[in-house]
Every structure is written in structure tokens, then in C-alpha cells.
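Engineer: Got a file for you: data.txt, compact mmCIF, N, CA and C atoms.
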# COMPACT_ATOMS: atom_id res chain seq x y z
N MET A 23 99.42 29.08 168.12
CA MET A 23 100.86 29.07 167.93
C MET A 23 101.23 28.74 166.48
N VAL A 24 100.48 27.82 165.85
CA VAL A 24 100.74 27.47 164.45
C VAL A 24 100.63 28.71 163.57
N TYR A 25 99.59 29.50 163.79
CA TYR A 25 99.38 30.72 163.01
C TYR A 25 100.55 31.68 163.18
N THR A 26 101.05 31.84 164.40
CA THR A 26 102.16 32.76 164.66
C THR A 26 103.41 32.34 163.91
N ILE A 27 103.73 31.05 163.92
CA ILE A 27 104.92 30.57 163.22
C ILE A 27 104.75 30.72 161.71
N GLU A 28 103.58 30.41 161.19
CA GLU A 28 103.32 30.60 159.75
C GLU A 28 103.52 32.06 159.37
N LYS A 29 103.01 32.96 160.20
CA LYS A 29 103.12 34.39 159.93
C LYS A 29 104.59 34.84 159.92
N ILE A 30 105.38 34.35 160.87
CA ILE A 30 106.80 34.70 160.93
C ILE A 30 107.54 34.20 159.69
N LEU A 31 107.28 32.94 159.30
CA LEU A 31 107.95 32.39 158.12
C LEU A 31 107.58 33.16 156.86
N LYS A 32 106.30 33.49 156.71
CA LYS A 32 105.87 34.23 155.52
C LYS A 32 106.43 35.64 155.47
N ARG A 33 106.51 36.29 156.62
CA ARG A 33 106.95 37.68 156.64
C ARG A 33 108.47 37.84 156.61
N TYR A 34 109.18 37.03 157.40
CA TYR A 34 110.62 37.21 157.54
C TYR A 34 111.45 36.14 156.84
N GLY A 35 110.82 35.04 156.43
CA GLY A 35 111.57 33.96 155.80
C GLY A 35 112.09 34.34 154.42
N THR A 36 113.03 33.58 153.97
CA THR A 36 113.64 33.77 152.65
C THR A 36 113.00 32.79 151.67
N GLY A 37 112.75 33.25 150.45
CA GLY A 37 112.17 32.38 149.42
C GLY A 37 113.16 31.32 148.97
N MET A 38 112.71 30.07 148.95
CA MET A 38 113.55 28.94 148.54
C MET A 38 112.71 27.99 147.70
N ILE A 39 113.37 27.02 147.12
CA ILE A 39 112.69 26.00 146.32
C ILE A 39 113.07 24.63 146.86
N LEU A 40 112.07 23.78 147.05
CA LEU A 40 112.30 22.39 147.44
C LEU A 40 112.16 21.53 146.20
N LYS A 41 113.19 20.73 145.89
CA LYS A 41 113.14 19.80 144.76
C LYS A 41 112.97 18.39 145.33
N HIS A 42 111.84 17.79 144.99
CA HIS A 42 111.51 16.44 145.44
C HIS A 42 111.24 15.61 144.19
N GLY A 43 112.24 14.88 143.73
CA GLY A 43 112.11 14.16 142.46
C GLY A 43 111.96 15.15 141.32
N GLN A 44 110.89 15.03 140.54
CA GLN A 44 110.63 15.95 139.43
C GLN A 44 109.80 17.15 139.86
N ARG A 45 109.32 17.16 141.11
CA ARG A 45 108.44 18.22 141.61
C ARG A 45 109.27 19.32 142.27
N GLU A 46 108.86 20.57 142.04
CA GLU A 46 109.48 21.72 142.69
C GLU A 46 108.41 22.51 143.43
N GLU A 47 108.72 22.92 144.66
CA GLU A 47 107.76 23.65 145.49
C GLU A 47 108.46 24.88 146.08
N SER A 48 107.86 26.05 145.89
CA SER A 48 108.40 27.27 146.49
C SER A 48 107.87 27.40 147.91
N PHE A 49 108.72 27.92 148.79
CA PHE A 49 108.32 28.15 150.17
C PHE A 49 109.20 29.23 150.78
N ARG A 50 108.82 29.71 151.94
CA ARG A 50 109.62 30.70 152.67
C ARG A 50 110.03 30.07 153.99
N GLY A 51 111.30 30.23 154.33
CA GLY A 51 111.82 29.65 155.57
C GLY A 51 113.14 30.27 155.94
N PHE A 52 113.78 29.67 156.92
CA PHE A 52 115.08 30.13 157.39
C PHE A 52 116.10 29.02 157.18
N LEU A 53 117.26 29.36 156.61
CA LEU A 53 118.37 28.43 156.44
C LEU A 53 119.59 29.10 157.02
N GLN A 54 120.19 28.47 158.02
CA GLN A 54 121.35 29.09 158.67
C GLN A 54 122.38 28.03 159.01
N PRO A 55 123.65 28.43 159.10
CA PRO A 55 124.69 27.46 159.43
C PRO A 55 124.48 26.93 160.84
N SER A 56 124.77 25.65 161.02
CA SER A 56 124.75 25.06 162.35
C SER A 56 126.04 25.49 163.04
N ARG A 57 125.93 25.95 164.25
CA ARG A 57 127.11 26.42 164.98
C ARG A 57 127.65 25.35 165.92
N SER A 58 127.42 24.08 165.59
CA SER A 58 127.91 23.01 166.45
C SER A 58 129.44 22.95 166.38
N LYS A 59 130.03 22.32 167.37
CA LYS A 59 131.48 22.21 167.42
C LYS A 59 131.95 20.84 166.97
N SER A 60 131.18 20.23 166.06
CA SER A 60 131.58 18.92 165.54
C SER A 60 132.77 19.09 164.61
N LEU A 61 133.44 18.00 164.34
CA LEU A 61 134.62 18.05 163.46
C LEU A 61 134.26 18.55 162.06
N GLN A 62 133.01 18.32 161.62
CA GLN A 62 132.61 18.77 160.29
C GLN A 62 132.63 20.29 160.17
N ASN A 63 132.50 21.00 161.28
CA ASN A 63 132.41 22.45 161.23
C ASN A 63 133.69 23.16 161.66
N LEU A 64 134.70 22.41 162.16
CA LEU A 64 135.87 23.07 162.72
C LEU A 64 136.93 23.45 161.69
N GLY A 65 137.23 22.58 160.76
CA GLY A 65 138.33 22.86 159.85
C GLY A 65 137.89 23.04 158.42
N LYS A 66 138.70 23.72 157.66
CA LYS A 66 138.42 23.89 156.24
C LYS A 66 139.09 22.73 155.51
N GLU A 67 138.36 22.16 154.55
CA GLU A 67 138.88 21.02 153.80
C GLU A 67 138.95 21.39 152.32
N PHE A 68 139.92 20.76 151.61
CA PHE A 68 140.10 21.01 150.20
C PHE A 68 140.18 19.69 149.45
N SER A 69 139.64 19.68 148.25
CA SER A 69 139.74 18.52 147.36
C SER A 69 140.45 19.00 146.10
N PRO A 70 140.73 18.11 145.17
CA PRO A 70 141.36 18.54 143.91
C PRO A 70 140.53 19.58 143.15
N LEU A 71 139.22 19.62 143.42
CA LEU A 71 138.35 20.58 142.72
C LEU A 71 138.16 21.88 143.48
N GLY A 72 138.80 22.02 144.63
CA GLY A 72 138.66 23.27 145.38
C GLY A 72 138.19 23.02 146.80
N ARG A 73 137.78 24.11 147.46
CA ARG A 73 137.37 24.05 148.85
C ARG A 73 136.05 23.30 149.01
N ILE A 74 135.98 22.43 150.01
CA ILE A 74 134.76 21.69 150.30
C ILE A 74 133.89 22.59 151.16
N PRO A 75 132.60 22.71 150.85
CA PRO A 75 131.72 23.60 151.62
C PRO A 75 131.72 23.28 153.11
N ASP A 76 131.58 24.32 153.93
CA ASP A 76 131.57 24.17 155.38
C ASP A 76 130.36 23.39 155.84
N GLY A 77 130.56 22.67 156.90
CA GLY A 77 129.58 21.99 157.74
C GLY A 77 128.12 21.88 157.35
N MET A 78 127.32 21.86 158.38
CA MET A 78 125.91 21.60 158.25
C MET A 78 125.08 22.88 158.38
N TYR A 79 123.85 22.81 157.89
CA TYR A 79 122.92 23.94 157.95
C TYR A 79 121.60 23.45 158.54
N VAL A 80 120.90 24.35 159.21
CA VAL A 80 119.60 24.04 159.78
C VAL A 80 118.54 24.79 158.98
N LEU A 81 117.48 24.08 158.61
CA LEU A 81 116.39 24.65 157.85
C LEU A 81 115.13 24.64 158.71
N LEU A 82 114.44 25.78 158.78
CA LEU A 82 113.12 25.88 159.40
C LEU A 82 112.15 26.24 158.28
N ALA A 83 111.13 25.40 158.09
CA ALA A 83 110.22 25.55 156.96
C ALA A 83 108.78 25.35 157.44
N PRO A 84 107.80 25.68 156.58
CA PRO A 84 106.40 25.51 156.97
C PRO A 84 106.06 24.07 157.36
N GLU A 85 105.09 23.93 158.24
CA GLU A 85 104.71 22.62 158.76
C GLU A 85 104.14 21.70 157.70
N ASP A 86 103.57 22.25 156.65
CA ASP A 86 102.93 21.41 155.63
C ASP A 86 103.85 21.05 154.47
N MET A 87 105.12 21.41 154.55
CA MET A 87 106.06 21.11 153.48
C MET A 87 106.34 19.61 153.46
N GLU A 88 106.19 19.00 152.30
CA GLU A 88 106.42 17.56 152.13
C GLU A 88 107.87 17.32 151.74
N ALA A 89 108.75 17.29 152.73
CA ALA A 89 110.18 17.10 152.48
C ALA A 89 110.62 15.76 153.04
N GLU A 90 111.62 15.16 152.38
CA GLU A 90 112.18 13.89 152.82
C GLU A 90 113.70 13.95 152.72
N CYS A 91 114.36 13.07 153.43
CA CYS A 91 115.82 12.97 153.32
C CYS A 91 116.18 12.72 151.85
N GLY A 92 117.21 13.40 151.39
CA GLY A 92 117.65 13.27 150.00
C GLY A 92 117.10 14.34 149.09
N ASP A 93 116.06 15.05 149.51
CA ASP A 93 115.53 16.16 148.72
C ASP A 93 116.55 17.29 148.68
N THR A 94 116.35 18.24 147.78
CA THR A 94 117.26 19.37 147.63
C THR A 94 116.51 20.68 147.86
N VAL A 95 117.15 21.57 148.60
CA VAL A 95 116.64 22.93 148.79
C VAL A 95 117.58 23.86 148.04
N VAL A 96 117.02 24.76 147.24
CA VAL A 96 117.81 25.71 146.47
C VAL A 96 117.56 27.10 147.03
N LEU A 97 118.66 27.78 147.37
CA LEU A 97 118.62 29.16 147.85
C LEU A 97 119.65 29.94 147.05
N ALA A 98 119.17 30.92 146.29
CA ALA A 98 120.04 31.70 145.40
C ALA A 98 120.75 30.74 144.45
N ASP A 99 122.08 30.72 144.46
CA ASP A 99 122.82 29.87 143.53
C ASP A 99 123.42 28.63 144.21
N LYS A 100 122.95 28.31 145.42
CA LYS A 100 123.47 27.16 146.15
C LYS A 100 122.38 26.14 146.39
N SER A 101 122.80 24.87 146.43
CA SER A 101 121.88 23.77 146.69
C SER A 101 122.29 23.05 147.96
N TYR A 102 121.31 22.58 148.72
CA TYR A 102 121.54 21.90 149.98
C TYR A 102 120.75 20.60 150.00
N GLU A 103 121.41 19.51 150.37
CA GLU A 103 120.74 18.22 150.46
C GLU A 103 120.21 18.04 151.88
N LEU A 104 118.94 17.62 151.98
CA LEU A 104 118.34 17.37 153.29
C LEU A 104 118.85 16.03 153.80
N ARG A 105 119.45 16.03 154.97
CA ARG A 105 120.02 14.82 155.56
C ARG A 105 119.13 14.24 156.66
N ARG A 106 118.38 15.10 157.33
CA ARG A 106 117.46 14.67 158.38
C ARG A 106 116.28 15.63 158.37
N VAL A 107 115.07 15.10 158.41
CA VAL A 107 113.87 15.93 158.36
C VAL A 107 112.93 15.48 159.47
N GLU A 108 112.44 16.45 160.23
CA GLU A 108 111.50 16.14 161.31
C GLU A 108 110.43 17.21 161.38
N LYS A 109 109.25 16.80 161.82
CA LYS A 109 108.17 17.74 162.11
C LYS A 109 108.26 18.09 163.58
N VAL A 110 108.24 19.38 163.90
CA VAL A 110 108.23 19.82 165.29
C VAL A 110 106.77 19.92 165.71
N ILE A 111 106.43 19.23 166.77
CA ILE A 111 105.04 19.11 167.20
C ILE A 111 104.84 19.79 168.55
N TYR A 112 103.73 20.50 168.67
CA TYR A 112 103.32 21.12 169.93
C TYR A 112 101.90 20.65 170.21
N GLY A 113 101.72 19.94 171.32
CA GLY A 113 100.42 19.34 171.56
C GLY A 113 100.20 18.25 170.53
N ASN A 114 99.19 18.38 169.71
CA ASN A 114 98.96 17.40 168.65
C ASN A 114 98.98 18.05 167.27
N LYS A 115 99.63 19.22 167.16
CA LYS A 115 99.71 19.93 165.88
C LYS A 115 101.16 20.08 165.43
N ASN A 116 101.38 19.96 164.10
CA ASN A 116 102.70 20.25 163.54
C ASN A 116 102.90 21.75 163.55
N LEU A 117 104.03 22.21 164.11
CA LEU A 117 104.33 23.64 164.13
C LEU A 117 105.14 24.06 162.91
N TYR A 118 106.21 23.32 162.65
CA TYR A 118 107.06 23.62 161.50
C TYR A 118 107.89 22.40 161.17
N THR A 119 108.58 22.46 160.03
CA THR A 119 109.47 21.39 159.61
C THR A 119 110.90 21.81 159.91
N TRP A 120 111.64 20.93 160.55
CA TRP A 120 113.05 21.17 160.88
C TRP A 120 113.88 20.20 160.05
N ALA A 121 114.97 20.68 159.47
CA ALA A 121 115.82 19.78 158.69
C ALA A 121 117.29 20.14 158.88
N LEU A 122 118.12 19.13 158.84
CA LEU A 122 119.56 19.30 158.87
C LEU A 122 120.05 19.09 157.44
N CYS A 123 120.83 20.03 156.93
CA CYS A 123 121.23 20.03 155.52
C CYS A 123 122.75 20.10 155.37
N ARG A 124 123.20 19.70 154.21
CA ARG A 124 124.62 19.82 153.85
C ARG A 124 124.68 20.48 152.48
N GLU A 125 125.53 21.49 152.34
CA GLU A 125 125.66 22.15 151.04
C GLU A 125 126.18 21.15 150.03
N LYS A 126 125.56 21.14 148.84
CA LYS A 126 125.98 20.21 147.78
C LYS A 126 127.27 20.71 147.14
N GLY A 127 128.04 19.77 146.65
CA GLY A 127 129.30 20.10 146.01
C GLY A 127 130.43 19.70 146.94
N GLY A 128 131.51 19.26 146.36
CA GLY A 128 132.64 18.85 147.19
C GLY A 128 132.47 17.43 147.69
N GLU A 129 133.37 17.02 148.54
CA GLU A 129 133.41 15.67 149.05
C GLU A 129 132.40 15.48 150.18
N ASP A 130 131.74 14.34 150.20
CA ASP A 130 130.76 14.03 151.23
C ASP A 130 131.46 13.36 152.40
N THR A 131 131.47 14.00 153.56
CA THR A 131 132.11 13.43 154.75
C THR A 131 131.08 13.05 155.80
N TRP A 132 129.82 12.94 155.41
CA TRP A 132 128.73 12.69 156.37
C TRP A 132 128.99 11.44 157.21
N ALA A 133 129.35 10.34 156.61
CA ALA A 133 129.47 9.10 157.35
C ALA A 133 130.92 8.68 157.60
N MET A 134 131.86 9.57 157.35
CA MET A 134 133.28 9.23 157.55
C MET A 134 133.59 9.16 159.04
N GLN A 135 134.39 8.21 159.41
CA GLN A 135 134.82 8.07 160.79
C GLN A 135 136.34 8.12 160.82
N SER A 136 136.87 8.76 161.87
CA SER A 136 138.33 8.84 161.93
C SER A 136 138.91 7.77 162.79
Show how you would write the structure in this file as C-alpha cells.

Structural biologist:
Amino acid sequence: MVYTIEKILKRYGTGMILKHGQREESFRGFLQPSRSKSLQNLGKEFSPLGRIPDGMYVLLAPEDMEAECGDTVVLADKSYELRRVEKVIYGNKNLYTWALCREKGGEDTWAMQS
């Protein structure tokens, strides 16, 4: 199963860069908007500097990627901060890395409570 997931990521994944401190690592994975119905994803918000980026994103990356909360993923001209990182495990093997991300820029509403 590990081989199958690696093959899918390499063949169909999009090239991205992980920035961890001063180190940069290229990898192929999937980054897509989270379709949750949380308040962060329902309304459009604006700050004095313009529109605040929409909600959260889910990242699927190779199992051996050394990512931590606070790292940055760069895709094209946008940057995403990793907010939660987990290894998905099947049996006793890591299958892939799952992360919840927020597009950088704009106001941070991660911990705001109404």
C-alpha cells in the first residue's frame, strides 16, 4: 500500500516546496481547500489591506516528509502555514503525511472565539 500511495503522489501530485527553518525540500503532493462548514470557511472577510484568504487547506504529502507545525509550503506564488501535521499509519507503516494549512497573508483568525 505504501508503494501505491508513493506512486500516486509522484505521478499525479503537484510540485511544492516545504520550508523548514533555513532548509527547503521539494516534494509532490496534493493541496486542496477544506470543504468544512466551519465559520472560517463560510464568509469572506476583509482587512484594511484587502481580502483575507479563505479558510483552511488539506495537504497530502509523502510519508517521509519531515514537516512540523509552523513550517511553510509554497505552491506557485502562494504560501501556506502548516497548522497541524500528522502521519497516517496503516498497520505499522507510515502511508503519507496529512496536514491542515492556512494560506499566509491577511489576518490570522485561527484561535479567535466569538

Engineer: What does the structure give for the distance between atom CA of Glu108 of chain A and atom C of Thr26 of chain A, in Å to one decimal?

Structural biologist: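 These atoms are spaced 18.3 Å apart.
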
Engineer: Using all atoms listed in the file, can you tell me which of A:Tyr34, A:Phe52, A:Tyr112, A:Tyr102 comes closest to Leu82 of chain A?

Structural biologist: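 Comparing A:Tyr34, A:Phe52, A:Tyr112, A:Tyr102 against Leu82 of chain A, the winner is A:Phe52.
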
Engineer: Rank nothing, just name the residue among A:Arg33, A:Lys115, A:Lys41, A:Lys126 nearest to Ala89 of chain A, using all atoms listed in the file.

Structural biologist: A:Lys41

Engineer: What separation in Å, quoted to one decimal, exists between atom CA of Ala121 of chain A and atom CA of Glu90 of chain A?

Structural biologist: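 Atom-to-atom, atom CA of Ala121 of chain A to atom CA of Glu90 of chain A, that is 9.1 Å.
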
Engineer: Axis-aligned box over every listed atom of segment 118-125 of chain A, padded by 3 Å per side: centre and edges in Å to one decimal, as JSON?

Structural biologist:
{"center_x": 116.2, "center_y": 21.4, "center_z": 156.3, "size_x": 26.0, "size_y": 10.5, "size_z": 18.6}

Engineer: Please, what distance in Å, to one decimal, runs between atom CA of Gln44 of chain A and atom CA of Val110 of chain A?

Structural biologist: 26.3 Å

Engineer: Which residue gives the smallest distance to Lys109 of chain A among A:Thr94, A:Glu85, A:Ser48, A:Tyr25, with all atoms listed in the file counted?

Structural biologist: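 Counting all atoms listed in the file, the residue closest to Lys109 of chain A is A:Glu85.
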
Engineer: Using only C-alpha atoms for the distances, tell me which of A:Arg50, A:Leu117, A:His42, A:Glu88 is nearest to Glu103 of chain A.

Structural biologist: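 Looking at the shortest contact to Glu103 of chain A, the residue is A:His42.
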
Engineer: For each of A:Val96, A:Cys123, A:Leu104, A:Leu81, take the minimum atom-to-atom distance to Leu53 of chain A, counting all atoms listed in the file, then give the residue where this is smallest.

Structural biologist: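 Nearest candidate to Leu53 of chain A out of A:Val96, A:Cys123, A:Leu104, A:Leu81: A:Leu81.
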
Engineer: Restricting the calculation to all atoms listed in the file, which member of A:Ala83, A:Val107, A:Leu122, A:Ala98 is positioned closest to Leu31 of chain A?

Structural biologist: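 For Leu31 of chain A, the nearest of the given residues is A:Ala83.
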
Engineer: For segment 28-49 of chain A, supply N, CA, C and O atoms and report the output as an mmCIF file, keeping the file's coordinate frame.

Structural biologist:
data_model
loop_
_atom_site.group_PDB
_atom_site.id
_atom_site.type_symbol
_atom_site.label_atom_id
_atom_site.label_comp_id
_atom_site.auth_asym_id
_atom_site.auth_seq_id
_atom_site.Cartn_x
_atom_site.Cartn_y
_atom_site.Cartn_z
ATOM 1 N N GLU A 28 103.580 30.410 161.190
ATOM 2 C CA GLU A 28 103.320 30.600 159.750
ATOM 3 C C GLU A 28 103.520 32.060 159.370
ATOM 4 O O GLU A 28 104.120 32.369 158.329
ATOM 5 N N LYS A 29 103.010 32.960 160.200
ATOM 6 C CA LYS A 29 103.120 34.390 159.930
ATOM 7 C C LYS A 29 104.590 34.840 159.920
ATOM 8 O O LYS A 29 105.009 35.598 159.045
ATOM 9 N N ILE A 30 105.380 34.350 160.870
ATOM 10 C CA ILE A 30 106.800 34.700 160.930
ATOM 11 C C ILE A 30 107.540 34.200 159.690
ATOM 12 O O ILE A 30 108.321 34.929 159.079
ATOM 13 N N LEU A 31 107.280 32.940 159.300
ATOM 14 C CA LEU A 31 107.950 32.390 158.120
ATOM 15 C C LEU A 31 107.580 33.160 156.860
ATOM 16 O O LEU A 31 108.443 33.450 156.020
ATOM 17 N N LYS A 32 106.300 33.490 156.710
ATOM 18 C CA LYS A 32 105.870 34.230 155.520
ATOM 19 C C LYS A 32 106.430 35.640 155.470
ATOM 20 O O LYS A 32 106.777 36.136 154.407
ATOM 21 N N ARG A 33 106.510 36.290 156.620
ATOM 22 C CA ARG A 33 106.950 37.680 156.640
ATOM 23 C C ARG A 33 108.470 37.840 156.610
ATOM 24 O O ARG A 33 109.003 38.678 155.906
ATOM 25 N N TYR A 34 109.180 37.030 157.400
ATOM 26 C CA TYR A 34 110.620 37.210 157.540
ATOM 27 C C TYR A 34 111.450 36.140 156.840
ATOM 28 O O TYR A 34 112.663 36.287 156.706
ATOM 29 N N GLY A 35 110.820 35.040 156.430
ATOM 30 C CA GLY A 35 111.570 33.960 155.800
ATOM 31 C C GLY A 35 112.090 34.340 154.420
ATOM 32 O O GLY A 35 111.630 35.287 153.795
ATOM 33 N N THR A 36 113.030 33.580 153.970
ATOM 34 C CA THR A 36 113.640 33.770 152.650
ATOM 35 C C THR A 36 113.000 32.790 151.670
ATOM 36 O O THR A 36 112.763 31.636 152.006
ATOM 37 N N GLY A 37 112.750 33.250 150.450
ATOM 38 C CA GLY A 37 112.170 32.380 149.420
ATOM 39 C C GLY A 37 113.160 31.320 148.970
ATOM 40 O O GLY A 37 114.320 31.629 148.672
ATOM 41 N N MET A 38 112.710 30.070 148.950
ATOM 42 C CA MET A 38 113.550 28.940 148.540
ATOM 43 C C MET A 38 112.710 27.990 147.700
ATOM 44 O O MET A 38 111.490 28.145 147.615
ATOM 45 N N ILE A 39 113.370 27.020 147.120
ATOM 46 C CA ILE A 39 112.690 26.000 146.320
ATOM 47 C C ILE A 39 113.070 24.630 146.860
ATOM 48 O O ILE A 39 114.254 24.352 147.094
ATOM 49 N N LEU A 40 112.070 23.780 147.050
ATOM 50 C CA LEU A 40 112.300 22.390 147.440
ATOM 51 C C LEU A 40 112.160 21.530 146.200
ATOM 52 O O LEU A 40 111.139 21.593 145.504
ATOM 53 N N LYS A 41 113.190 20.730 145.890
ATOM 54 C CA LYS A 41 113.140 19.800 144.760
ATOM 55 C C LYS A 41 112.970 18.390 145.330
ATOM 56 O O LYS A 41 113.829 17.911 146.065
ATOM 57 N N HIS A 42 111.840 17.790 144.990
ATOM 58 C CA HIS A 42 111.510 16.440 145.440
ATOM 59 C C HIS A 42 111.240 15.610 144.190
ATOM 60 O O HIS A 42 110.154 15.696 143.613
ATOM 61 N N GLY A 43 112.240 14.880 143.730
ATOM 62 C CA GLY A 43 112.110 14.160 142.460
ATOM 63 C C GLY A 43 111.960 15.150 141.320
ATOM 64 O O GLY A 43 112.771 16.052 141.152
ATOM 65 N N GLN A 44 110.890 15.030 140.540
ATOM 66 C CA GLN A 44 110.630 15.950 139.430
ATOM 67 C C GLN A 44 109.800 17.150 139.860
ATOM 68 O O GLN A 44 109.582 18.073 139.080
ATOM 69 N N ARG A 45 109.320 17.160 141.110
ATOM 70 C CA ARG A 45 108.440 18.220 141.610
ATOM 71 C C ARG A 45 109.270 19.320 142.270
ATOM 72 O O ARG A 45 110.247 19.058 142.951
ATOM 73 N N GLU A 46 108.860 20.570 142.040
ATOM 74 C CA GLU A 46 109.480 21.720 142.690
ATOM 75 C C GLU A 46 108.410 22.510 143.430
ATOM 76 O O GLU A 46 107.316 22.708 142.898
ATOM 77 N N GLU A 47 108.720 22.920 144.660
ATOM 78 C CA GLU A 47 107.760 23.650 145.490
ATOM 79 C C GLU A 47 108.460 24.880 146.080
ATOM 80 O O GLU A 47 109.529 24.762 146.671
ATOM 81 N N SER A 48 107.860 26.050 145.890
ATOM 82 C CA SER A 48 108.400 27.270 146.490
ATOM 83 C C SER A 48 107.870 27.400 147.910
ATOM 84 O O SER A 48 106.734 27.035 148.199
ATOM 85 N N PHE A 49 108.720 27.920 148.790
ATOM 86 C CA PHE A 49 108.320 28.150 150.170
ATOM 87 C C PHE A 49 109.200 29.230 150.780
ATOM 88 O O PHE A 49 110.200 29.632 150.193
#
